[in-house]
Amino acid sequence: MAALLNKPMLLFLSFAASLFLCCHFSEAALPRFHHPLKTDGSLSFLVVGDWGRKGLFNQSKVASQMGIIGEKLDIDFVISTGDNFYEDGLMGINDYAFYDSFSNIYTAPSLQKTWYSVLGNHDYRGDVEAQMSPILREKDKRWVCMRSFILNADIVEFFFVDTTPFVDKYFTDPGDNVYDWKGVLPRNNYLSNLLNDVDLALKSSSAIWKIVVGHHTIKSAGQHGITEELVVNLLPILQANNVDVYMNGHDHCLEHISCSKSKIEFLTSGGGSKAWRGNVKEWNPEEMKFYYDGQGFMSVQLDEAKANFVYYDVFGEVLHQFMVSKEFHSTS
Ligand SMILES: *[C@@H]1O[C@H](CO)[C@@H](O)[C@H](O)[C@H]1NC(C)=O
């Protein structure tokens with residue numbers, strides 16, 4: 001598998017990036033949203049992935065616990081890490097799966113907040129544009145799904161990255177699956193523009209916390225394991241820009257890996273429905289803080305000094321939690 005960007009290309013990109021920055025083109029091309037903090041300056045949200053199965057495989061149980069925890073934490077929104085509709089995304093804007101797997105499942109009052117969603121590889125097997133259509137937002141105003149976008153909440157900035165087009169095998173060895181690459185081709189242009197946009201957006205961010213969200217794993221011991229294409233192309237950008245957290249789905253598990261080589265926390269929340277795959281790869285125990293092969297979801301509560309991450313199972317039991325603190329460097 002070849003790296004998507006060769007050295008001269010990277011040099012050119014960083015040259016172009018610095019040119020852009022010096023000319024005050026600090027706004028990246030990615031769509032931007034803003035979400036206000038609570039009056040106490042904090043923010044809380046849930047993270048769920050790999051869910052849309054019409055309530056089956058414990059999706060409904062996960063949903064009802066999300067409702068309870070969501071209420072307890074007074075969440076501001078929900079993040080979906082993709083694979084929103086199984087098996088093959090949505091067939092069109094009138095696909096009833098949108099109700100069967102989303103609107104009629106996440107019915108708790110606390111979950112009637114915006115759902116910021118990326119696309120997973122299964123979503124790409126359906127009508128991608130339908131899933132991103134504003135008409136879906138008319139059907140259920142919670143639904144915000146785009147390929148890549150930025151969510152700014154003052155102290156924290158989220159960078160949602162469309163990871164499916166990075167994965168070589170969907171192009172070279174799709175098997176019986178048909179992917180909807182409309183809007184993604186030519187692929188190399190799409191990917192280099194996206195990487196450039198993410199890099200620029202990260203560089204121009206003044207948020208205390210930087211959280212990147214994608215569907216595919218960067219570090220994972222699950223069935224899919226690491227996504228080599230993201231390790232090669234996306235990870236260096238995250239490392240160069242002091243990203244705090246990378247959150248993903250794809251592996252149907254809950255997982256927390258702390259990398260010894262960087263300060264990025266790698267969190268997998270892909271337990272929204274079908275799980276229990278039972279095959280866990282070996283991983284350095286120093287880095288592997290938590291792995292759970294069953295269903296569940298995550299909550300995050302943060303303010304400018306600390307971020308608290310909690311993992312829950314289908315009973316709402318806490319399986320794992322950890323906190324990250326920020327050191328403040330006084331400028332006076
Ligand atoms: C639902 O969750 C329970 C508790 O974790 C588990 O034992 C059961 O296997 C799950 N069912 C399915 C279909 O995954």
# chains A, B, ... in the order shown; residues from 1 in each chain; ligands from 1
call {"tool": "closest_atom_pairs", "arguments": {"of": "chain A", "to": "ligand 1", "cutoff": "9 Å", "atoms": "only C-alpha atoms and all ligand atoms", "output": "Markdown table"}}
result
| residue | atom | partner | partner_atom_place_in_ligand_line | distance |
| --- | --- | --- | --- | --- |
| A:Leu56 | CA | ligand 1 | 13 (C) | 7.1 |
| A:Phe57 | CA | ligand 1 | 13 (C) | 4.0 |
| A:Asn58 | CA | ligand 1 | 1 (C) | 5.0 |
| A:Gln59 | CA | ligand 1 | 1 (C) | 8.6 |
| A:Lys61 | CA | ligand 1 | 1 (C) | 7.7 |
| A:Val62 | CA | ligand 1 | 2 (O) | 8.9 |
| A:Ser273 | CA | ligand 1 | 14 (O) | 7.2 |
| A:Lys274 | CA | ligand 1 | 14 (O) | 5.7 |
| A:Ala275 | CA | ligand 1 | 14 (O) | 5.9 |
| A:Trp276 | CA | ligand 1 | 14 (O) | 6.6 |
| A:Gly294 | CA | ligand 1 | 5 (O) | 6.1 |
| A:Gln295 | CA | ligand 1 | 5 (O) | 6.5 |
| A:Gly296 | CA | ligand 1 | 5 (O) | 8.5 |
| A:Asp313 | CA | ligand 1 | 5 (O) | 6.8 |
| A:Val314 | CA | ligand 1 | 5 (O) | 5.9 |
| A:Phe315 | CA | ligand 1 | 4 (C) | 7.4 |
call {"tool": "write_last_selection", "arguments": {"atoms": "C-alpha atoms", "output": "tab-separated table (two decimals), in the first residue's frame"}}
result
chain	number	residue	atom	x	y	z
A	56	LEU	CA	-31.53	-4.90	17.13
A	57	PHE	CA	-28.31	-6.19	18.68
A	58	ASN	CA	-28.94	-4.16	21.82
A	59	GLN	CA	-29.06	-0.87	19.91
A	61	LYS	CA	-30.63	-0.88	25.17
A	62	VAL	CA	-27.64	1.30	24.42
A	273	SER	CA	-25.22	-2.16	18.32
A	274	LYS	CA	-23.69	-5.42	17.05
A	275	ALA	CA	-20.58	-6.31	19.05
A	276	TRP	CA	-18.98	-9.28	20.76
A	294	GLY	CA	-19.41	-5.54	24.03
A	295	GLN	CA	-21.95	-2.79	23.43
A	296	GLY	CA	-21.95	0.64	25.02
A	313	ASP	CA	-22.11	-0.75	28.95
A	314	VAL	CA	-25.75	-1.59	28.01
A	315	PHE	CA	-26.74	-1.43	31.67
call {"tool": "select_by_dssp", "arguments": {"residues": "range 91-210 of chain A", "states": "helix (DSSP H, G or I)", "output": "count of residues only"}}
result
48
call {"tool": "closest_residue", "arguments": {"among": "A:Lys113, A:Lys169, A:Lys210, A:Lys219", "to": "Met288 in chain A", "atoms": "only C-alpha atoms"}}
result
A:Lys219
call {"tool": "closest_residue", "arguments": {"among": "A:Leu73, A:Ala305, A:Leu111, A:Met132", "to": "Leu90 in chain A", "atoms": "only C-alpha atoms"}}
result
A:Met132
call {"tool": "residues_around", "arguments": {"residues": "Ser80 in chain A", "least_positions_apart": "6", "cutoff": "7 Å", "atoms": "only C-alpha atoms", "output": "list in words"}}
result
Val47, Val48, Gly49, Trp115, Tyr116, Ser117 and Val118 of chain A
call {"tool": "closest_atom_pairs", "arguments": {"of": "range 155-176 of chain A", "to": "range 136-150 of chain A", "cutoff": "9 Å", "atoms": "only C-alpha atoms", "output": "Markdown table"}}
result
| residue | atom | partner | partner_atom | distance |
| --- | --- | --- | --- | --- |
| A:Glu157 | CA | A:Ile150 | CA | 7.1 |
| A:Phe158 | CA | A:Ile150 | CA | 5.6 |
| A:Phe159 | CA | A:Ile150 | CA | 4.8 |
| A:Phe160 | CA | A:Ser148 | CA | 5.1 |
| A:Val161 | CA | A:Ser148 | CA | 4.6 |
| A:Asp162 | CA | A:Arg147 | CA | 5.0 |
| A:Thr163 | CA | A:Arg147 | CA | 8.6 |
call {"tool": "select_by_dssp", "arguments": {"residues": "range 123-287 of chain A", "states": "strand (DSSP E)", "output": "MDAnalysis selection string"}}
result
chainID A and resid 143:145 149:153 156:161 209:214 245:248 254:258 265:269
call {"tool": "atom_distance", "arguments": {"atom1": "CA of Phe322 in chain A", "atom2": "CA of Asn308 in chain A"}}
result
6.0 Å
call {"tool": "residues_around", "arguments": {"residues": "Val310 in chain A", "least_positions_apart": "6", "cutoff": "12 Å", "atoms": "only C-alpha atoms", "output": "number ranges by chain"}}
result
A: 44-47, 69, 73, 254-256, 267-269, 290, 296-302, 316-324
call {"tool": "write_last_selection", "arguments": {"atoms": "C-alpha atoms", "output": "PDB file, in the first residue's frame"}}
result
ATOM      1  CA  SER A  44     -20.763  17.548  27.943  1.00  0.00           C
ATOM      2  CA  PHE A  45     -21.629  15.123  25.195  1.00  0.00           C
ATOM      3  CA  LEU A  46     -22.012  11.453  24.352  1.00  0.00           C
ATOM      4  CA  VAL A  47     -20.115   9.502  21.701  1.00  0.00           C
ATOM      5  CA  ILE A  69     -26.707   9.192  31.237  1.00  0.00           C
ATOM      6  CA  LEU A  73     -24.866  14.889  32.501  1.00  0.00           C
ATOM      7  CA  LEU A 254     -15.055   0.352  23.501  1.00  0.00           C
ATOM      8  CA  GLU A 255     -11.366   1.042  23.801  1.00  0.00           C
ATOM      9  CA  HIS A 256      -8.802   3.457  25.221  1.00  0.00           C
ATOM     10  CA  LEU A 267     -10.614   6.320  21.902  1.00  0.00           C
ATOM     11  CA  THR A 268     -12.868   3.856  20.125  1.00  0.00           C
ATOM     12  CA  SER A 269     -16.619   4.121  20.643  1.00  0.00           C
ATOM     13  CA  PHE A 290      -9.144  -0.409  28.402  1.00  0.00           C
ATOM     14  CA  GLY A 296     -21.949   0.640  25.015  1.00  0.00           C
ATOM     15  CA  PHE A 297     -21.013   4.278  24.549  1.00  0.00           C
ATOM     16  CA  MET A 298     -18.895   7.082  25.989  1.00  0.00           C
ATOM     17  CA  SER A 299     -19.487  10.378  27.712  1.00  0.00           C
ATOM     18  CA  VAL A 300     -17.156  13.367  27.781  1.00  0.00           C
ATOM     19  CA  GLN A 301     -17.383  16.310  30.164  1.00  0.00           C
ATOM     20  CA  LEU A 302     -14.878  19.081  29.840  1.00  0.00           C
ATOM     21  CA  GLY A 316     -25.303   2.043  32.087  1.00  0.00           C
ATOM     22  CA  GLU A 317     -22.556   0.610  34.320  1.00  0.00           C
ATOM     23  CA  VAL A 318     -19.274   2.511  34.242  1.00  0.00           C
ATOM     24  CA  LEU A 319     -16.610   0.266  32.687  1.00  0.00           C
ATOM     25  CA  HIS A 320     -13.687   2.667  32.577  1.00  0.00           C
ATOM     26  CA  GLN A 321     -12.957   6.335  33.103  1.00  0.00           C
ATOM     27  CA  PHE A 322     -10.028   8.680  32.970  1.00  0.00           C
ATOM     28  CA  MET A 323      -9.244  12.360  33.173  1.00  0.00           C
ATOM     29  CA  VAL A 324      -6.892  14.603  31.233  1.00  0.00           C
TER      30      VAL A 324
END
call {"tool": "atom_distance", "arguments": {"atom1": "CA of Asp303 in chain A", "atom2": "CA of Ile155 in chain A"}}
result
7.2 Å
call {"tool": "closest_residue", "arguments": {"among": "A:Ile93, A:Ala108, A:Ile264, A:Leu151", "to": "Asp127 in chain A", "atoms": "only C-alpha atoms"}}
result
A:Ile93
